[in-house]
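Presented below is the structure to which this report refers.
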Amino acid sequence: MSSSVPPVSAPTSTTAAGPSAPARVRRGRRYGRAVDRRTALAIPAGALLLALAVWPLAQLGSMSLHTVSAATLNSTWDFVGLDNYAAMLREPDFGQVVVNTVAFVLIVTTIGMVGGFMVAVAVLSSTRGGSFLLGLMVFVWALPPVVNGSIWKFLLADQGLVNQALRALGGQGLGFLYDSKFALWSVALVNAWAVVPFNALVLRAALLGVDPQALEAAELDGARPWQRAWHVLVPAGRTAATVLTILTIVYAFRSFDFIYVMTSGGPGTASTTLPFLAYSEAFLTLDYGRGAATALIALLVVVVLTLIYARDVRRTEGEA
Amino acid sequence: MTRRRREPIAFSIRSLLYVLYGLPLLWIILTSLKSQGEVLSSQASITFDPTLDAYRAAIADPALGAAVRQSAIVAIGTTAVCLALATPAAYALARVRSATVVPALTLLVVLQMVPQTANLIPLFWLLSKWGLLDTTFGLVIADAAMFLPWAILLLRPFFGQIPTAIEEAARVDGAATIRTFWSVALPLARNGFLTVSSVIFLVSWGEFLYGITFMLSPEKYPLSSLIAVQSGAYGVDWPAMMAFAVVSAVPVLVVYVASFRLLSSGLTIGAVK
């Protein structure tokens, strides 16, 4: 099926695509010219994407090789070769930003996947309570990220609920969002919190495909609940999990909304990641060329991850 | 017996999840019913005089009404443009057998994953060149272009599931390409169409970065951009802020409840966030 489809759908797509695949190939040959006519239906979408997605990215590349400031944005740009990239690498905070980005992605992906799996198992039984809980969580995921970010900015504030709870328990209040030791962690944890419901939804769909007899057999053999989860459910969800992991990595890498709302990348650059750095260079310091260079590096990372993902999906499709 | 053995763990995890996901929601609503003074003195208080002052002030604030209207126009416009282009394209990509399909799909996957800031910088220049900055139309087509790859990839499997025999029957009956798409394939992919419409509506309702960047005048900001700017400011008026958040959550709740069944199956078919 589509390359966006994680193997979650593999069980269904295997049965659906399996028998019909050869038939489709035959039909394609038989139709010949009629097939070309249907291609025309993709032209409007292709045109919009060319104008507002592909062409802008080409311009991004061009901007990264020129000096583009607020004053020169709408006139001609001075060609400077790789100066923007050199300046980016010379920036003393750049190393910090790269480390932040890697740490951010690791935190969000690890918690997003492990948490997503645990939630999927916890709501697996189709009791009303489980469905309601999953429904509530997915609703939170569907809320505008700025709303979720604002809630947590509020809860993690100096006099916020979390700090008041800490103090009530005899601890000390922490500067979750303005202490450079915690800012990145706080934003990453909230981001993970926001992605867990979605991952749980996808993983639950994969786990629902597990043969209940396999679980019963494990139970008869005396496996404890979490042993059953580890030995029966984890292997069953593995293909789904592989693709979902790449998706979560990309999601974490491009994350912007929560950083913007909760810390604006601060204090200093303590919670700035690459895509956020590109934004702040272009729209806060108004150095569009520099921002474009940073954004292009971020783009390359995503393209590499995406190609791994696409290859992975194609392999799963090949198996199907 | 086994049930009883499993329940305690599941129960404690579920309770924890209710706290993690239910409590923040509860807290927005509680805070929106407090006065600014009460919030500053103790955020944790559960006993307080509930007041609708924040809502009264929010409703009286002309900025909120304008932002809600703007959000509605942008979200509905984006959904309409996106679906109008994505549906025929998804159908074509599901049906056409040619060597260009796989590269096209790969390109869509890449485009869907481009960091938004990478598009933001050149689009700002492009929209400025075309005189579309600060216009609702410019924002709508920028949003539509951003969500279009995702919409196509989500929709395509729904067309792929339709047995080709049905369409072939229509073709044998002499239906033209567009008619086969419109009156045979589209009705059969209705669930997919509705799922993707809901998803695109929800994400474009929540989109804020294009909003604050391409709209130069703050009175034209959609609601989520307004919330982003307000919560980034110093000395946030939290009850007002939370009243705004509740207002922005209402359409999400309506769309979500109306389409939950569709969403939970549809999203897992073409799962990409």
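Going through the structure tokens in order, the chains are called A, B, and so on, while each chain numbers its residues from 1 and the ligands are numbered from 1 in the order shown.
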Can you work out which residues from chain A touch chain B at a cut-off of 7 Å (counting only C-alpha atoms) and hand them back as a ChimeraX atom specification? /A:1-6,8-9,28,35,38-39,41-42,44-45,48-49,52-53,56-57,59-60,73-74,122,137,139,142-147,150-151,159-161,164,202,205,225,247,254,261,275,278-279,282,288,292,295-296,299,302-303,306,310
So that I can see what lies close to B:Arg69, please list as a list in words the residues with an atom at most 10 Å from it, counting only C-alpha atoms and leaving out residues fewer than 3 positions away in the same chain.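 Residues near the query, excluding close chain neighbours: Ala63, Leu64, Gly65, Ala66, Ala72, Ile73, Val74, Ala75, Lys220, Tyr221, Pro222 and Leu223 of chain B.
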With distances taken over only C-alpha atoms, which of B:Leu216, B:Leu133, B:Val140, B:Leu186 is nearest to B:Ile76?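 Counting only C-alpha atoms, the residue closest to B:Ile76 is B:Val140.
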I'd like the neighbourhood of A:Ala86 as a PDB file with C-alpha atoms, in the first residue's frame, where a residue qualifies if any of its atoms comes within 10 Å (using only C-alpha atoms), though same-chain residues fewer than 4 positions away should be ignored.
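Below is the file that was written, around-v2.pdb:
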```
ATOM      1  CA  GLY A  81      29.005  30.790  -1.422  1.00  0.00           C
ATOM      2  CA  LEU A  82      29.185  28.713   1.721  1.00  0.00           C
ATOM      3  CA  ARG A  90      31.627  28.951  13.879  1.00  0.00           C
ATOM      4  CA  GLU A  91      28.736  29.951  16.110  1.00  0.00           C
ATOM      5  CA  ARG A 290      21.732  32.036   7.818  1.00  0.00           C
ATOM      6  CA  ALA A 293      21.487  27.282   5.832  1.00  0.00           C
TER       7      ALA A 293
END
```
Measuring between only C-alpha atoms, which one of A:Gly237, A:Trp226, A:Leu184, A:Val190 shows the shortest distance to A:Val210?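 Selected residue with least distance to A:Val210: A:Gly237.
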Could you tell me how far atom CA of B:Gly37 lies from atom CA of B:Val247, in Å and to one decimal?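 Between atom CA of B:Gly37 and atom CA of B:Val247 the gap is 21.8 Å.
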d(atom CA of A:Gly209, atom CA of A:Ala241) in Å: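 Straight-line distance from atom CA of A:Gly209 to atom CA of A:Ala241 works out to 13.8 Å.
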Shortest contact to A:Phe154, candidates A:Ser125, A:Thr263, A:Thr110, A:Asn100, atoms counted only C-alpha atoms, goes to A:Thr263
Taking only stretch 126-293 of chain A into account, list the residues labelled alpha helix (DSSP H) by DSSP (computed from the backbone), as a PyMOL selection string. chain A and resi 128-142+145-155+161-168+183-207+212-220+225-228+234-236+238-254+257-262+274-279+288-293
When you count only C-alpha atoms, which of these residues is closest to A:Thr242: A:Met113, A:Val187, A:Leu124, A:Leu274?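 Result for the nearest residue to A:Thr242: A:Met113.
Note that the spacing between atom CA of A:Asp257 and atom CA of A:Leu177 amounts to 14.9 Å.
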Pick from A:Phe283, A:Phe182, A:Trp152, A:Phe104: nearest to B:Leu23, with only C-alpha atoms counted? A:Trp152
Env of A:Val99: 12 Å cut, atoms = only C-alpha atoms, seq-sep filter 5 positions within chain, self excluded. Answer as a ChimeraX atom specification. /A:93-94,104-106,184,269-274
